[in-house]
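Participant: Dropping the structure in here first, questions after.
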Amino acid sequence: MGIFDRDLWSEVFSTLSKNLLRTFLTTLGVIFAILILILLLGATNGMSNGFNKIFAGTATNSMFMWTQSTSMPYKGFERGREIDFTLEDVELIKRQVSEVDIISPRIQLGDFGETSTVYREGRSSGSGVYGDYPSIDLVSKKRIVEGRFINQNDIEAAKKVCVIGVDAYKLLFDKGENAIGKSIQINGIYFSVVGIFKKNDNINFEGENAVFVPFTTFQKAFNSGNKIGWMAILVDPDKQVATAEKKIKTLLKQKYNIHPDDVRAIGSFDFSEIFKGISAFTFVLQGFSFFVGIFTLLAGVIAVSNILLITVKERTNEIGVRRALGATPKIIKRQIILESIVLTSFAGLVGFVISVAVLHFLDYKFGGSDEFPFVNPTVSIPQILFSFILMIGLSMLIGLIPANRAVKIKPIEALREE
């Protein structure tokens, strides 16, 4: 009698259907185990997708560097000395630090975080005004809703053009008014609007009340010379950001006579460290989800084994009759194991359907929220396959306990039982 024998399966389903209430209660442990496992994995994946959404459009192999005042005296210079980066530093880094892929220098009107008054026809906005190169868009991608972003031609010709954020547009223009080609005034100088941007669903450094002008135009219009405020640096994906950061700081400290141990003079922010930290967090969370889910599943399958032990005890007479009629221990053992697999598989499918419905509801409820990183909490096919293979494997192993108990029943003793 093979595994696909109709009589075998009829006996299995007949046995399981004799006491439907007990069969149902037996499956609850496995249902909840699969429910917990899939929900934990789905929620973890949802968080991971949420973080990826936040980082989308922002280069994770990037860092930012700016100047501060020195904290240590060095080579006759007193502490508290102010340092200013220049465009020459950008070229120096490009030549000396091979790990660097792209450098995008930036300058801003006022100090970091300050805003400037931008005018248009009696209306004003307190906006951050930045002088940028087109390469800044490679570090923090902007979503252009109208027009375009700054391009290389703007840089080379030092055009008096600008790109404004949607908040700046709302403050300076009437709703629905076409801003492209219109002029705004910054410090008495007119700039023509060539684009309007909206932030992506990612990390945003300037907000939407910002104005971008070509770096070269900024230099001439506001007499900033070769000074730069800070640098956005993209590192080769195959290289370590921390290595590039250390080399750049060493190089610039030597140039500006800064003490090698002065940690305050040059500020920096390694964006890759945040991304690595979050990736490690979600990886550990996934591992923890598997750990909890597997042990919960094991507990559920053990419950199935215990119930099967009880049914074997109840079916002692039946098993004795079958043994007396020629049923081999292999046939008896196979039926008990199949009962374990059928119970566990059915419960697993029910738990999976319920968990998918719950994850879908959670995605509907929280998936579009900007306050919490939670997007598309689905479970991958490999995770599903692994979970079901593990579940079937455990049910087979646990099913061996009642199966071995069944084959130990001696036909003569079994037939004597009432």
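We label chains A, B, ... in the order they appear in the structure tokens, count residues from 1 in each chain, and number ligands from 1 in the order shown.
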For segment 251-283 of chain A against segment 75-92 of chain A, with a cut-off of 12 Å and counting only C-alpha atoms, what is the closest atom pair and its distance in Å to one decimal for every residue that makes the cut, ordered by chain and number, as JSON lines?
Facilitator:
{"residue": "A:Leu251", "atom": "CA", "partner": "A:Leu92", "partner_atom": "CA", "distance": 8.6}
{"residue": "A:Leu252", "atom": "CA", "partner": "A:Asp89", "partner_atom": "CA", "distance": 7.7}
{"residue": "A:Lys253", "atom": "CA", "partner": "A:Ile83", "partner_atom": "CA", "distance": 10.2}
{"residue": "A:Gln254", "atom": "CA", "partner": "A:Lys75", "partner_atom": "CA", "distance": 11.1}
{"residue": "A:Lys255", "atom": "CA", "partner": "A:Asp89", "partner_atom": "CA", "distance": 9.1}
{"residue": "A:Tyr256", "atom": "CA", "partner": "A:Ile83", "partner_atom": "CA", "distance": 7.7}
{"residue": "A:Asn257", "atom": "CA", "partner": "A:Lys75", "partner_atom": "CA", "distance": 7.0}
{"residue": "A:Ile258", "atom": "CA", "partner": "A:Lys75", "partner_atom": "CA", "distance": 8.3}
{"residue": "A:His259", "atom": "CA", "partner": "A:Lys75", "partner_atom": "CA", "distance": 8.3}
{"residue": "A:Pro260", "atom": "CA", "partner": "A:Lys75", "partner_atom": "CA", "distance": 11.4}
{"residue": "A:Asp262", "atom": "CA", "partner": "A:Arg79", "partner_atom": "CA", "distance": 9.8}
{"residue": "A:Arg264", "atom": "CA", "partner": "A:Gly80", "partner_atom": "CA", "distance": 9.9}
{"residue": "A:Ala265", "atom": "CA", "partner": "A:Ile83", "partner_atom": "CA", "distance": 7.5}
{"residue": "A:Ile266", "atom": "CA", "partner": "A:Ile83", "partner_atom": "CA", "distance": 8.4}
{"residue": "A:Gly267", "atom": "CA", "partner": "A:Ile83", "partner_atom": "CA", "distance": 11.0}
Participant: Counting only C-alpha atoms, what is within 9 Å of Val193 of chain A, bar same-chain residues fewer than 4 positions away, as a VMD selection string?
Facilitator: chain A and resid 147 160 to 164 179 to 184
Participant: Restricting the output to all heavy atoms, write the selected residues as a PDB file, in the first residue's frame.
Facilitator:
ATOM      1  N   GLY A 147       9.224  71.664 -14.257  1.00  0.00           N
ATOM      2  CA  GLY A 147      10.508  72.174 -14.739  1.00  0.00           C
ATOM      3  C   GLY A 147      11.628  71.172 -14.596  1.00  0.00           C
ATOM      4  O   GLY A 147      11.464  69.981 -14.823  1.00  0.00           O
ATOM      5  N   LYS A 160      21.447  82.963 -13.789  1.00  0.00           N
ATOM      6  CA  LYS A 160      20.668  83.391 -12.631  1.00  0.00           C
ATOM      7  C   LYS A 160      19.318  82.675 -12.642  1.00  0.00           C
ATOM      8  O   LYS A 160      18.264  83.256 -12.889  1.00  0.00           O
ATOM      9  CB  LYS A 160      20.480  84.903 -12.647  1.00  0.00           C
ATOM     10  CG  LYS A 160      21.779  85.668 -12.358  1.00  0.00           C
ATOM     11  CD  LYS A 160      21.536  87.168 -12.321  1.00  0.00           C
ATOM     12  CE  LYS A 160      22.836  87.903 -12.015  1.00  0.00           C
ATOM     13  NZ  LYS A 160      22.665  89.372 -12.005  1.00  0.00           N
ATOM     14  N   VAL A 161      19.411  81.390 -12.373  1.00  0.00           N
ATOM     15  CA  VAL A 161      18.213  80.548 -12.313  1.00  0.00           C
ATOM     16  C   VAL A 161      18.150  79.912 -10.929  1.00  0.00           C
ATOM     17  O   VAL A 161      19.133  79.907 -10.175  1.00  0.00           O
ATOM     18  CB  VAL A 161      18.222  79.463 -13.408  1.00  0.00           C
ATOM     19  CG1 VAL A 161      18.192  80.086 -14.788  1.00  0.00           C
ATOM     20  CG2 VAL A 161      19.456  78.554 -13.258  1.00  0.00           C
ATOM     21  N   CYS A 162      16.995  79.371 -10.614  1.00  0.00           N
ATOM     22  CA  CYS A 162      16.849  78.730  -9.294  1.00  0.00           C
ATOM     23  C   CYS A 162      15.786  77.639  -9.360  1.00  0.00           C
ATOM     24  O   CYS A 162      14.939  77.628 -10.249  1.00  0.00           O
ATOM     25  CB  CYS A 162      16.492  79.759  -8.222  1.00  0.00           C
ATOM     26  SG  CYS A 162      14.864  80.517  -8.451  1.00  0.00           S
ATOM     27  N   VAL A 163      15.877  76.735  -8.399  1.00  0.00           N
ATOM     28  CA  VAL A 163      14.875  75.688  -8.210  1.00  0.00           C
ATOM     29  C   VAL A 163      14.328  75.868  -6.799  1.00  0.00           C
ATOM     30  O   VAL A 163      15.099  75.969  -5.836  1.00  0.00           O
ATOM     31  CB  VAL A 163      15.494  74.283  -8.370  1.00  0.00           C
ATOM     32  CG1 VAL A 163      14.442  73.204  -8.134  1.00  0.00           C
ATOM     33  CG2 VAL A 163      16.127  74.130  -9.743  1.00  0.00           C
ATOM     34  N   ILE A 164      13.004  75.928  -6.670  1.00  0.00           N
ATOM     35  CA  ILE A 164      12.401  76.203  -5.371  1.00  0.00           C
ATOM     36  C   ILE A 164      11.573  75.002  -4.895  1.00  0.00           C
ATOM     37  O   ILE A 164      11.095  74.203  -5.699  1.00  0.00           O
ATOM     38  CB  ILE A 164      11.508  77.469  -5.417  1.00  0.00           C
ATOM     39  CG1 ILE A 164      10.317  77.250  -6.351  1.00  0.00           C
ATOM     40  CG2 ILE A 164      12.329  78.677  -5.852  1.00  0.00           C
ATOM     41  CD1 ILE A 164       9.325  78.412  -6.351  1.00  0.00           C
ATOM     42  N   ALA A 179       4.882  78.996 -12.057  1.00  0.00           N
ATOM     43  CA  ALA A 179       6.064  79.691 -11.537  1.00  0.00           C
ATOM     44  C   ALA A 179       7.256  79.606 -12.477  1.00  0.00           C
ATOM     45  O   ALA A 179       8.191  80.402 -12.353  1.00  0.00           O
ATOM     46  CB  ALA A 179       6.440  79.094 -10.180  1.00  0.00           C
ATOM     47  N   ILE A 180       7.234  78.669 -13.408  1.00  0.00           N
ATOM     48  CA  ILE A 180       8.378  78.485 -14.303  1.00  0.00           C
ATOM     49  C   ILE A 180       8.541  79.727 -15.185  1.00  0.00           C
ATOM     50  O   ILE A 180       7.611  80.176 -15.843  1.00  0.00           O
ATOM     51  CB  ILE A 180       8.211  77.233 -15.184  1.00  0.00           C
ATOM     52  CG1 ILE A 180       7.960  75.997 -14.311  1.00  0.00           C
ATOM     53  CG2 ILE A 180       9.446  77.021 -16.054  1.00  0.00           C
ATOM     54  CD1 ILE A 180       9.043  75.702 -13.308  1.00  0.00           C
ATOM     55  N   GLY A 181       9.753  80.272 -15.156  1.00  0.00           N
ATOM     56  CA  GLY A 181      10.051  81.468 -15.947  1.00  0.00           C
ATOM     57  C   GLY A 181       9.824  82.763 -15.185  1.00  0.00           C
ATOM     58  O   GLY A 181      10.261  83.829 -15.629  1.00  0.00           O
ATOM     59  N   LYS A 182       9.156  82.690 -14.027  1.00  0.00           N
ATOM     60  CA  LYS A 182       8.926  83.879 -13.217  1.00  0.00           C
ATOM     61  C   LYS A 182      10.163  84.172 -12.368  1.00  0.00           C
ATOM     62  O   LYS A 182      10.973  83.289 -12.103  1.00  0.00           O
ATOM     63  CB  LYS A 182       7.707  83.683 -12.309  1.00  0.00           C
ATOM     64  CG  LYS A 182       6.420  83.335 -13.061  1.00  0.00           C
ATOM     65  CD  LYS A 182       5.928  84.511 -13.887  1.00  0.00           C
ATOM     66  CE  LYS A 182       4.667  84.135 -14.672  1.00  0.00           C
ATOM     67  NZ  LYS A 182       3.548  83.737 -13.806  1.00  0.00           N
ATOM     68  N   SER A 183      10.281  85.410 -11.910  1.00  0.00           N
ATOM     69  CA  SER A 183      11.462  85.829 -11.153  1.00  0.00           C
ATOM     70  C   SER A 183      11.158  85.972  -9.668  1.00  0.00           C
ATOM     71  O   SER A 183      10.055  86.376  -9.287  1.00  0.00           O
ATOM     72  CB  SER A 183      12.003  87.154 -11.690  1.00  0.00           C
ATOM     73  OG  SER A 183      12.490  86.997 -13.015  1.00  0.00           O
ATOM     74  N   ILE A 184      12.143  85.626  -8.865  1.00  0.00           N
ATOM     75  CA  ILE A 184      12.080  85.893  -7.423  1.00  0.00           C
ATOM     76  C   ILE A 184      13.330  86.688  -7.054  1.00  0.00           C
ATOM     77  O   ILE A 184      14.313  86.712  -7.808  1.00  0.00           O
ATOM     78  CB  ILE A 184      12.014  84.587  -6.598  1.00  0.00           C
ATOM     79  CG1 ILE A 184      13.270  83.732  -6.834  1.00  0.00           C
ATOM     80  CG2 ILE A 184      10.756  83.804  -6.925  1.00  0.00           C
ATOM     81  CD1 ILE A 184      13.342  82.500  -5.945  1.00  0.00           C
TER      82      ILE A 184
END
Participant: Which of segment 174-369 of chain A counts as strand (DSSP E) under DSSP, as a PyMOL selection string please?
Facilitator: chain A and resi 183-186+189-199+210-214+227-228+230-235+266-270
Participant: Please report the interatomic distance between atom CA of Val284 of chain A and atom CA of Leu37 of chain A in Å with one decimal.
Facilitator: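 Calculated distance between atom CA of Val284 of chain A and atom CA of Leu37 of chain A is 14.9 Å.
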Participant: I need the residues of segment 54-195 of chain A that end up classed as alpha helix (DSSP H) by DSSP on the backbone, written out as a list in words.
Facilitator: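 The alpha helix (DSSP H) residues within segment 54-195 of chain A come out as Ile54, Phe55, Leu87, Glu88, Asp89, Val90, Glu91, Leu92, Ile93, Lys94, Arg95, Gln96, Ile136, Asp137, Leu138, Val139, Gln152, Asn153, Asp154, Ile155, Glu156, Ala157, Val166, Asp167, Ala168, Tyr169, Lys170, Leu171 and Leu172 of chain A.
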Participant: For Ser224 of chain A, list every protein, DNA or RNA residue within 12 Å, evaluated using only C-alpha atoms, and leave out those in the same chain fewer than 2 positions away; present the list as an mmCIF file with all heavy atoms, in the first residue's frame.
Facilitator:
data_model
loop_
_atom_site.group_PDB
_atom_site.id
_atom_site.type_symbol
_atom_site.label_atom_id
_atom_site.label_comp_id
_atom_site.auth_asym_id
_atom_site.auth_seq_id
_atom_site.Cartn_x
_atom_site.Cartn_y
_atom_site.Cartn_z
ATOM 1 N N ASP A 84 37.892 77.582 7.097
ATOM 2 C CA ASP A 84 36.952 77.634 5.968
ATOM 3 C C ASP A 84 37.460 76.745 4.847
ATOM 4 O O ASP A 84 38.607 76.883 4.401
ATOM 5 C CB ASP A 84 36.795 79.068 5.444
ATOM 6 C CG ASP A 84 36.030 79.958 6.404
ATOM 7 O OD1 ASP A 84 34.984 79.510 6.904
ATOM 8 O OD2 ASP A 84 36.486 81.083 6.669
ATOM 9 N N PHE A 85 36.621 75.823 4.382
ATOM 10 C CA PHE A 85 36.969 75.024 3.215
ATOM 11 C C PHE A 85 36.862 75.885 1.956
ATOM 12 O O PHE A 85 36.086 76.846 1.896
ATOM 13 C CB PHE A 85 36.027 73.830 3.069
ATOM 14 C CG PHE A 85 36.276 72.730 4.075
ATOM 15 C CD1 PHE A 85 35.253 71.871 4.450
ATOM 16 C CD2 PHE A 85 37.534 72.531 4.610
ATOM 17 C CE1 PHE A 85 35.471 70.853 5.357
ATOM 18 C CE2 PHE A 85 37.765 71.516 5.521
ATOM 19 C CZ PHE A 85 36.728 70.678 5.899
ATOM 20 N N THR A 86 37.627 75.519 0.930
ATOM 21 C CA THR A 86 37.580 76.211 -0.357
ATOM 22 C C THR A 86 37.447 75.194 -1.483
ATOM 23 O O THR A 86 37.585 73.977 -1.264
ATOM 24 C CB THR A 86 38.852 77.047 -0.594
ATOM 25 O OG1 THR A 86 39.983 76.160 -0.716
ATOM 26 C CG2 THR A 86 39.095 78.028 0.561
ATOM 27 N N LEU A 87 37.217 75.699 -2.687
ATOM 28 C CA LEU A 87 37.108 74.807 -3.840
ATOM 29 C C LEU A 87 38.421 74.075 -4.112
ATOM 30 O O LEU A 87 38.416 72.976 -4.683
ATOM 31 C CB LEU A 87 36.702 75.616 -5.080
ATOM 32 C CG LEU A 87 35.243 76.087 -5.117
ATOM 33 C CD1 LEU A 87 35.011 76.994 -6.318
ATOM 34 C CD2 LEU A 87 34.285 74.904 -5.161
ATOM 35 N N ARG A 106 29.014 72.724 -1.415
ATOM 36 C CA ARG A 106 27.807 73.531 -1.254
ATOM 37 C C ARG A 106 28.122 74.753 -0.412
ATOM 38 O O ARG A 106 28.985 74.718 0.461
ATOM 39 C CB ARG A 106 26.708 72.700 -0.600
ATOM 40 C CG ARG A 106 25.644 73.522 0.090
ATOM 41 C CD ARG A 106 24.554 72.671 0.669
ATOM 42 N NE ARG A 106 23.618 72.255 -0.361
ATOM 43 C CZ ARG A 106 22.457 71.665 -0.103
ATOM 44 N NH1 ARG A 106 22.115 71.388 1.134
ATOM 45 N NH2 ARG A 106 21.643 71.337 -1.081
ATOM 46 N N ILE A 107 27.394 75.824 -0.670
ATOM 47 C CA ILE A 107 27.490 77.016 0.156
ATOM 48 C C ILE A 107 26.085 77.535 0.419
ATOM 49 O O ILE A 107 25.169 77.311 -0.385
ATOM 50 C CB ILE A 107 28.373 78.094 -0.516
ATOM 51 C CG1 ILE A 107 28.782 79.139 0.513
ATOM 52 C CG2 ILE A 107 27.674 78.701 -1.733
ATOM 53 C CD1 ILE A 107 29.928 80.007 0.067
ATOM 54 N N GLN A 108 25.910 78.195 1.539
ATOM 55 C CA GLN A 108 24.586 78.644 1.953
ATOM 56 C C GLN A 108 24.645 80.083 2.430
ATOM 57 O O GLN A 108 25.636 80.520 3.014
ATOM 58 C CB GLN A 108 24.077 77.759 3.101
ATOM 59 C CG GLN A 108 22.711 78.151 3.645
ATOM 60 C CD GLN A 108 22.288 77.261 4.801
ATOM 61 O OE1 GLN A 108 23.009 76.344 5.171
ATOM 62 N NE2 GLN A 108 21.134 77.542 5.376
ATOM 63 N N LEU A 109 23.565 80.822 2.177
ATOM 64 C CA LEU A 109 23.459 82.176 2.715
ATOM 65 C C LEU A 109 23.245 82.086 4.220
ATOM 66 O O LEU A 109 22.329 81.403 4.687
ATOM 67 C CB LEU A 109 22.280 82.931 2.077
ATOM 68 C CG LEU A 109 22.532 83.620 0.731
ATOM 69 C CD1 LEU A 109 21.278 84.352 0.271
ATOM 70 C CD2 LEU A 109 23.703 84.597 0.808
ATOM 71 N N GLY A 110 24.090 82.756 4.982
ATOM 72 C CA GLY A 110 23.984 82.688 6.433
ATOM 73 C C GLY A 110 24.629 81.427 6.956
ATOM 74 O O GLY A 110 25.209 80.624 6.222
ATOM 75 N N TYR A 130 20.722 77.929 -1.156
ATOM 76 C CA TYR A 130 21.923 77.110 -1.304
ATOM 77 C C TYR A 130 22.525 77.275 -2.696
ATOM 78 O O TYR A 130 21.807 77.328 -3.700
ATOM 79 C CB TYR A 130 21.591 75.634 -1.088
ATOM 80 C CG TYR A 130 20.926 75.336 0.234
ATOM 81 C CD1 TYR A 130 19.529 75.343 0.357
ATOM 82 C CD2 TYR A 130 21.679 75.071 1.364
ATOM 83 C CE1 TYR A 130 18.910 75.078 1.572
ATOM 84 C CE2 TYR A 130 21.064 74.805 2.588
ATOM 85 C CZ TYR A 130 19.689 74.821 2.681
ATOM 86 O OH TYR A 130 19.090 74.565 3.887
ATOM 87 N N GLY A 131 23.853 77.329 -2.729
ATOM 88 C CA GLY A 131 24.578 77.272 -3.988
ATOM 89 C C GLY A 131 25.058 75.859 -4.200
ATOM 90 O O GLY A 131 25.808 75.323 -3.362
ATOM 91 N N PHE A 215 26.055 76.924 -8.213
ATOM 92 C CA PHE A 215 27.152 77.316 -7.321
ATOM 93 C C PHE A 215 27.906 78.518 -7.877
ATOM 94 O O PHE A 215 28.236 79.454 -7.135
ATOM 95 C CB PHE A 215 28.110 76.130 -7.128
ATOM 96 C CG PHE A 215 29.134 76.351 -6.058
ATOM 97 C CD1 PHE A 215 28.917 75.905 -4.765
ATOM 98 C CD2 PHE A 215 30.328 77.015 -6.326
ATOM 99 C CE1 PHE A 215 29.852 76.116 -3.763
ATOM 100 C CE2 PHE A 215 31.271 77.236 -5.336
ATOM 101 C CZ PHE A 215 31.031 76.782 -4.048
ATOM 102 N N THR A 216 28.213 78.497 -9.154
ATOM 103 C CA THR A 216 28.979 79.598 -9.759
ATOM 104 C C THR A 216 28.193 80.901 -9.730
ATOM 105 O O THR A 216 28.762 81.987 -9.547
ATOM 106 C CB THR A 216 29.346 79.247 -11.202
ATOM 107 O OG1 THR A 216 28.157 78.817 -11.905
ATOM 108 C CG2 THR A 216 30.366 78.116 -11.265
ATOM 109 N N THR A 217 26.891 80.811 -9.898
ATOM 110 C CA THR A 217 26.040 82.002 -9.820
ATOM 111 C C THR A 217 26.041 82.547 -8.399
ATOM 112 O O THR A 217 26.114 83.772 -8.188
ATOM 113 C CB THR A 217 24.599 81.662 -10.235
ATOM 114 O OG1 THR A 217 24.618 80.979 -11.490
ATOM 115 C CG2 THR A 217 23.759 82.913 -10.352
ATOM 116 N N PHE A 218 25.968 81.661 -7.435
ATOM 117 C CA PHE A 218 26.008 82.053 -6.022
ATOM 118 C C PHE A 218 27.299 82.813 -5.720
ATOM 119 O O PHE A 218 27.282 83.842 -5.021
ATOM 120 C CB PHE A 218 25.902 80.803 -5.143
ATOM 121 C CG PHE A 218 25.695 81.074 -3.684
ATOM 122 C CD1 PHE A 218 24.451 80.904 -3.111
ATOM 123 C CD2 PHE A 218 26.751 81.490 -2.870
ATOM 124 C CE1 PHE A 218 24.248 81.143 -1.750
ATOM 125 C CE2 PHE A 218 26.558 81.735 -1.523
ATOM 126 C CZ PHE A 218 25.302 81.567 -0.963
ATOM 127 N N GLN A 219 28.427 82.298 -6.249
ATOM 128 C CA GLN A 219 29.718 82.953 -6.007
ATOM 129 C C GLN A 219 29.696 84.415 -6.465
ATOM 130 O O GLN A 219 30.131 85.314 -5.739
ATOM 131 C CB GLN A 219 30.829 82.212 -6.757
ATOM 132 C CG GLN A 219 31.240 80.888 -6.147
ATOM 133 C CD GLN A 219 32.315 80.218 -6.975
ATOM 134 O OE1 GLN A 219 32.088 79.846 -8.131
ATOM 135 N NE2 GLN A 219 33.494 80.054 -6.384
ATOM 136 N N LYS A 220 29.196 84.629 -7.677
ATOM 137 C CA LYS A 220 29.208 85.976 -8.251
ATOM 138 C C LYS A 220 28.137 86.868 -7.615
ATOM 139 O O LYS A 220 28.390 88.040 -7.328
ATOM 140 C CB LYS A 220 28.992 85.900 -9.764
ATOM 141 C CG LYS A 220 30.138 85.228 -10.520
ATOM 142 C CD LYS A 220 29.851 85.167 -12.012
ATOM 143 C CE LYS A 220 30.995 84.498 -12.758
ATOM 144 N NZ LYS A 220 30.722 84.425 -14.223
ATOM 145 N N ALA A 221 26.967 86.317 -7.416
ATOM 146 C CA ALA A 221 25.859 87.126 -6.924
ATOM 147 C C ALA A 221 26.053 87.562 -5.467
ATOM 148 O O ALA A 221 25.721 88.699 -5.102
ATOM 149 C CB ALA A 221 24.547 86.347 -7.061
ATOM 150 N N PHE A 222 26.615 86.700 -4.665
ATOM 151 C CA PHE A 222 26.736 86.994 -3.234
ATOM 152 C C PHE A 222 28.184 87.122 -2.770
ATOM 153 O O PHE A 222 28.450 87.131 -1.569
ATOM 154 C CB PHE A 222 26.008 85.905 -2.429
ATOM 155 C CG PHE A 222 24.576 85.711 -2.844
ATOM 156 C CD1 PHE A 222 24.139 84.497 -3.358
ATOM 157 C CD2 PHE A 222 23.656 86.759 -2.774
ATOM 158 C CE1 PHE A 222 22.831 84.316 -3.761
ATOM 159 C CE2 PHE A 222 22.338 86.577 -3.166
ATOM 160 C CZ PHE A 222 21.921 85.360 -3.670
ATOM 161 N N ASN A 226 35.883 81.653 -3.162
ATOM 162 C CA ASN A 226 36.082 80.204 -3.306
ATOM 163 C C ASN A 226 35.656 79.425 -2.067
ATOM 164 O O ASN A 226 35.873 78.212 -1.986
ATOM 165 C CB ASN A 226 37.557 79.905 -3.601
ATOM 166 C CG ASN A 226 37.884 80.131 -5.070
ATOM 167 O OD1 ASN A 226 37.000 80.100 -5.911
ATOM 168 N ND2 ASN A 226 39.143 80.377 -5.361
ATOM 169 N N LYS A 227 35.080 80.109 -1.090
ATOM 170 C CA LYS A 227 34.673 79.424 0.127
ATOM 171 C C LYS A 227 33.498 78.472 -0.130
ATOM 172 O O LYS A 227 32.636 78.744 -0.970
ATOM 173 C CB LYS A 227 34.268 80.432 1.200
ATOM 174 C CG LYS A 227 35.423 81.248 1.747
ATOM 175 C CD LYS A 227 34.934 82.182 2.848
ATOM 176 C CE LYS A 227 36.087 83.003 3.415
ATOM 177 N NZ LYS A 227 35.627 83.919 4.494
ATOM 178 N N ILE A 228 33.495 77.385 0.615
ATOM 179 C CA ILE A 228 32.360 76.472 0.572
ATOM 180 C C ILE A 228 31.920 76.196 2.009
ATOM 181 O O ILE A 228 32.724 76.269 2.945
ATOM 182 C CB ILE A 228 32.687 75.146 -0.159
ATOM 183 C CG1 ILE A 228 33.814 74.388 0.549
ATOM 184 C CG2 ILE A 228 33.045 75.416 -1.603
ATOM 185 C CD1 ILE A 228 34.126 73.041 -0.068
ATOM 186 N N GLY A 229 30.653 75.914 2.154
ATOM 187 C CA GLY A 229 30.123 75.664 3.496
ATOM 188 C C GLY A 229 30.393 74.246 3.966
ATOM 189 O O GLY A 229 30.880 74.017 5.064
#
Participant: Between A:Thr26, A:Tyr133, A:Val145, A:Gly50, which has the minimum distance to Asn306 of chain A (counting only C-alpha atoms)?
Facilitator: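 Going through A:Thr26, A:Tyr133, A:Val145, A:Gly50 one by one, the smallest distance to Asn306 of chain A is for A:Thr26.
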Participant: So the first atom is atom CA of Pro134 of chain A and the second is atom CA of Gly176 of chain A; what is the distance between them in Å, to one decimal place?
Facilitator: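 So the answer is 27.3 Å.
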Participant: Separation of atom CA of Phe290 of chain A and atom CA of Leu41 of chain A, in Å?
Facilitator: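 Computing it gives 7.3 Å between the two atoms.
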Participant: Report as number ranges by chain all protein, DNA and RNA residues lying within 10 Å of Asn153 of chain A, evaluated on only C-alpha atoms, omitting residues in the same chain fewer than 5 positions from it.
Facilitator: A: 134, 158-159, 214
Participant: Using only C-alpha atoms, which residue out of A:Glu245, A:Asp101, A:Glu156, A:Glu206 lies closest to Ser127 of chain A?
Facilitator: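 Checking each of A:Glu245, A:Asp101, A:Glu156, A:Glu206 against Ser127 of chain A, counting only C-alpha atoms, the winner is A:Glu206.
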Participant: Would you mind telling me which residue in A:Ser48, A:Ser345, A:Ser104, A:Thr378 lies nearest to Ala357 of chain A when using only C-alpha atoms?
Facilitator: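 Checking each of A:Ser48, A:Ser345, A:Ser104, A:Thr378 against Ala357 of chain A, counting only C-alpha atoms, the winner is A:Thr378.
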Participant: Restricting the calculation to only C-alpha atoms: of A:Asn404, A:Thr344, A:Ser98, A:Ser268, which residue gets closest to Gly29 of chain A?
Facilitator: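 Closest candidate: A:Thr344.
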Participant: Which one of A:Asn45, A:Gln68, A:Thr60, A:Ser355 sits closest to Lys141 of chain A if you count only C-alpha atoms?
Facilitator: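 Looking only at the distances to Lys141 of chain A, the closest residue turns out to be A:Thr60.
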Participant: Would you mind telling me which residue in A:Lys333, A:Arg123, A:Lys365, A:Lys246 lies nearest to Pro402 of chain A when using only C-alpha atoms?
Facilitator: A:Lys333
Participant: Applying 10 Å and only C-alpha atoms, which residues near segment 117-120 of chain A remain after dropping the ones on its own chain fewer than 4 positions away? List them as a list of chain:residue names.
Facilitator: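 Everything that qualifies: A:Ser124, A:Ser125, A:Gly126, A:Ser127, A:Gly128, A:Val129, A:Ala168, A:Leu171, A:Leu172, A:Phe173, A:Lys182, A:Ser183, A:Ile184, A:Gln185, A:Ile186, A:Asn187, A:Gly188, A:Ile189, A:Tyr190, A:Ala210, A:Val211.
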